[in-house]
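One structure is given below, encoded as structure tokens.
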Amino acid sequence: MKRILVTGANGQLGTTLKQQSLGSEDRWVFCGRNEMDITDSHSITSFMEKQSFDFCINCAAYTHVEGAETEIDAAHALNVEGVKNLVAACNEKQVTLLHISTDYVFDGTKKTPYVETDPTAPLNQYGKSKLQGEHHIQQKAKSFYIIRTSWLYSKTLGANFYSAILNKAKNGEPLMVVNDQVGTPTNVAHLAGFLFQMIKKEPEYGLYHFSDEQIMSWYDLAVAIVKEHQLEVPVTPSTTSGGGAVRPIYSPLFSNKPF
Ligand SMILES: NC(=O)c1ccc[n+]([C@@H]2O[C@H](COP(=O)([O-])OP(=O)(O)OC[C@H]3O[C@@H](n4cnc5c(N)ncnc54)[C@H](OP(=O)(O)O)[C@@H]3O)[C@@H](O)[C@H]2O)c1
């Protein structure tokens, strides 16, 4: 039996892991921000003193891409300093850290999907903070997996791209969606399944990409959602408006490290 601690447990990925862990033979402990604030090193160590863990899946992050442009310190506090706190605690307690990162560490100039060995060059503050977190883990963590994923959505949880499009379409609202950003949208349930496999198989430590395979734009994804639910609303392609966070125009992920 493995013992797994999940931080940021009330977010999209944390909630999905919680759902999928029901009936697991392993021992899962889920901590929301109130139980463990990763920006407070004492909060982490006092929790890890009380119980022993084999793995820590870090689902806690500053994920608001637009907000990070102005809340640079807040993004740094969570995506860099919070990660440093977790690395220190995991090293101390011999816990393997599974950390989630993003396709936004890339600049989008490549013409084929990004693999683990491609050079990074984030365009926005969110991507920069996530990359700094990655670098710290690679330099300091004794045992770790960094899993880069992209365009997470959930078919069952609220407040994400899938539910927003579906709700509007159900209300008969016409949709206008950007067609000039291309990626690999990833069902968060599939990412959770991948993390379960990692914990089970324990491949070589290091950096891995995981996303669903289909390459598409946000517009293509919206069309697919509307079609899946046999709704009739028109979906119109649009282009990204200026201002705000700059996003890579092409950031599909591919893994050269299957296990
Ligand atoms: N969403 C995407 O499209 C996407 C794409 C690529 C990679 N990722 C990465 O995937 C991971 C999971 O993303 P997600 O979509 O599940 O994010 P999410 O829904 O925004 O969840 C993040 C969680 O972190 C919690 N949190 C905030 N501050 C905290 C603190 N100081 N201590 C502990 N927890 C704290 C939040 O709690 P509150 O709810 O209380 O704020 C929230 O529950 C992140 O690392 C993200 O960067 C996401």
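Chains: A, B, ... in order of the structure tokens. Residues: from 1 per chain. Ligands: from 1, in order shown.
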
Show me a table, sorted first by chain and then by increasing residue number, of the residues of chain A having an atom at most 7 Å from ligand 1, each with its shortest atom pair and the distance in Å to one decimal, counting only C-alpha atoms and all ligand atoms and written as JSON lines.
```
{"residue": "A:Thr7", "atom": "CA", "partner": "ligand 1", "partner_atom_place_in_ligand_line": "33 (C)", "distance": 6.0}
{"residue": "A:Gly8", "atom": "CA", "partner": "ligand 1", "partner_atom_place_in_ligand_line": "34 (N)", "distance": 3.9}
{"residue": "A:Ala9", "atom": "CA", "partner": "ligand 1", "partner_atom_place_in_ligand_line": "43 (O)", "distance": 5.7}
{"residue": "A:Asn10", "atom": "CA", "partner": "ligand 1", "partner_atom_place_in_ligand_line": "43 (O)", "distance": 4.1}
{"residue": "A:Gly11", "atom": "CA", "partner": "ligand 1", "partner_atom_place_in_ligand_line": "43 (O)", "distance": 3.3}
{"residue": "A:Gln12", "atom": "CA", "partner": "ligand 1", "partner_atom_place_in_ligand_line": "16 (O)", "distance": 3.6}
{"residue": "A:Leu13", "atom": "CA", "partner": "ligand 1", "partner_atom_place_in_ligand_line": "16 (O)", "distance": 3.7}
{"residue": "A:Gly14", "atom": "CA", "partner": "ligand 1", "partner_atom_place_in_ligand_line": "16 (O)", "distance": 5.9}
{"residue": "A:Gly32", "atom": "CA", "partner": "ligand 1", "partner_atom_place_in_ligand_line": "34 (N)", "distance": 5.7}
{"residue": "A:Arg33", "atom": "CA", "partner": "ligand 1", "partner_atom_place_in_ligand_line": "33 (C)", "distance": 3.8}
{"residue": "A:Met36", "atom": "CA", "partner": "ligand 1", "partner_atom_place_in_ligand_line": "33 (C)", "distance": 5.7}
{"residue": "A:Asp37", "atom": "CA", "partner": "ligand 1", "partner_atom_place_in_ligand_line": "32 (N)", "distance": 3.5}
{"residue": "A:Ile38", "atom": "CA", "partner": "ligand 1", "partner_atom_place_in_ligand_line": "32 (N)", "distance": 4.1}
{"residue": "A:Thr39", "atom": "CA", "partner": "ligand 1", "partner_atom_place_in_ligand_line": "31 (N)", "distance": 5.0}
{"residue": "A:Cys59", "atom": "CA", "partner": "ligand 1", "partner_atom_place_in_ligand_line": "12 (C)", "distance": 4.7}
{"residue": "A:Ala60", "atom": "CA", "partner": "ligand 1", "partner_atom_place_in_ligand_line": "24 (O)", "distance": 3.3}
{"residue": "A:Ala61", "atom": "CA", "partner": "ligand 1", "partner_atom_place_in_ligand_line": "24 (O)", "distance": 4.6}
{"residue": "A:Tyr62", "atom": "CA", "partner": "ligand 1", "partner_atom_place_in_ligand_line": "27 (C)", "distance": 6.0}
{"residue": "A:Thr63", "atom": "CA", "partner": "ligand 1", "partner_atom_place_in_ligand_line": "20 (O)", "distance": 4.9}
{"residue": "A:Leu78", "atom": "CA", "partner": "ligand 1", "partner_atom_place_in_ligand_line": "31 (N)", "distance": 5.9}
{"residue": "A:His99", "atom": "CA", "partner": "ligand 1", "partner_atom_place_in_ligand_line": "45 (O)", "distance": 6.9}
{"residue": "A:Ile100", "atom": "CA", "partner": "ligand 1", "partner_atom_place_in_ligand_line": "45 (O)", "distance": 4.5}
{"residue": "A:Ser101", "atom": "CA", "partner": "ligand 1", "partner_atom_place_in_ligand_line": "7 (C)", "distance": 5.0}
{"residue": "A:Thr102", "atom": "CA", "partner": "ligand 1", "partner_atom_place_in_ligand_line": "7 (C)", "distance": 3.9}
{"residue": "A:Asp103", "atom": "CA", "partner": "ligand 1", "partner_atom_place_in_ligand_line": "6 (C)", "distance": 6.1}
{"residue": "A:Lys130", "atom": "CA", "partner": "ligand 1", "partner_atom_place_in_ligand_line": "47 (O)", "distance": 6.9}
{"residue": "A:Arg148", "atom": "CA", "partner": "ligand 1", "partner_atom_place_in_ligand_line": "7 (C)", "distance": 6.4}
{"residue": "A:Thr149", "atom": "CA", "partner": "ligand 1", "partner_atom_place_in_ligand_line": "6 (C)", "distance": 4.7}
{"residue": "A:Ser150", "atom": "CA", "partner": "ligand 1", "partner_atom_place_in_ligand_line": "6 (C)", "distance": 4.0}
{"residue": "A:Trp151", "atom": "CA", "partner": "ligand 1", "partner_atom_place_in_ligand_line": "3 (O)", "distance": 3.9}
{"residue": "A:Leu152", "atom": "CA", "partner": "ligand 1", "partner_atom_place_in_ligand_line": "3 (O)", "distance": 3.8}
{"residue": "A:Tyr153", "atom": "CA", "partner": "ligand 1", "partner_atom_place_in_ligand_line": "3 (O)", "distance": 6.5}
```

Which of segment 25-231 of chain A fall in alpha helix (DSSP H), as JSON, numbers by chain: {"A": [41, 42, 43, 44, 45, 46, 47, 48, 49, 50, 67, 68, 69, 70, 72, 73, 74, 75, 76, 83, 84, 85, 86, 87, 88, 89, 90, 91, 92, 93, 125, 126, 127, 128, 129, 130, 131, 132, 133, 134, 135, 136, 137, 138, 139, 140, 161, 162, 163, 164, 165, 166, 167, 168, 169, 170, 188, 189, 190, 191, 192, 193, 194, 195, 196, 197, 198, 199, 200, 201, 218, 219, 220, 221, 222, 223, 224, 225, 226, 227, 228]}

Using only C-alpha atoms, which of the listed residues (A:Lys201, A:Cys31, A:Ser46, A:Gly127) sits closest to Ile72 of chain A? A:Gly127

Could you pull out the strand (DSSP E) residues of segment 16-246 of chain A from DSSP and send them as a PyMOL selection string? chain A and resi 27-31+55-58+96-102+144-149+152-153+175-178+182-183+186-187+206-209+216-217+235-238

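Of the listed residues (A:Gln94, A:Asn58, A:Gln20, A:Gln132), A:Asn58 comes nearest to Val6 of chain A; the distances count only C-alpha atoms.
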
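Here atom CA of Leu98 of chain A and atom CA of Ile137 of chain A stand 10.0 Å from one another.
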
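For the pair atom CA of Asn160 of chain A and atom CA of Glu134 of chain A, the separation is 24.6 Å.
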
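The shell of residues at most 9 Å from Tyr104 of chain A, with only C-alpha atoms counted and near chain neighbours (fewer than 5 positions) removed, consists of Thr120, Ala121, Pro122, Leu123, Asn124, Tyr126, Gly127, Lys128, Lys130, Leu131, Ser150, Arg247, Pro248 and Ser251 of chain A.
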
Just want the 12 Å neighbourhood of Gln19 of chain A, counted on only C-alpha atoms, with same-chain residues fewer than 3 positions away dropped. Output as a PyMOL selection string. chain A and resi 9-10+12-16+22-24+28+30+156-157+188-189+192-193
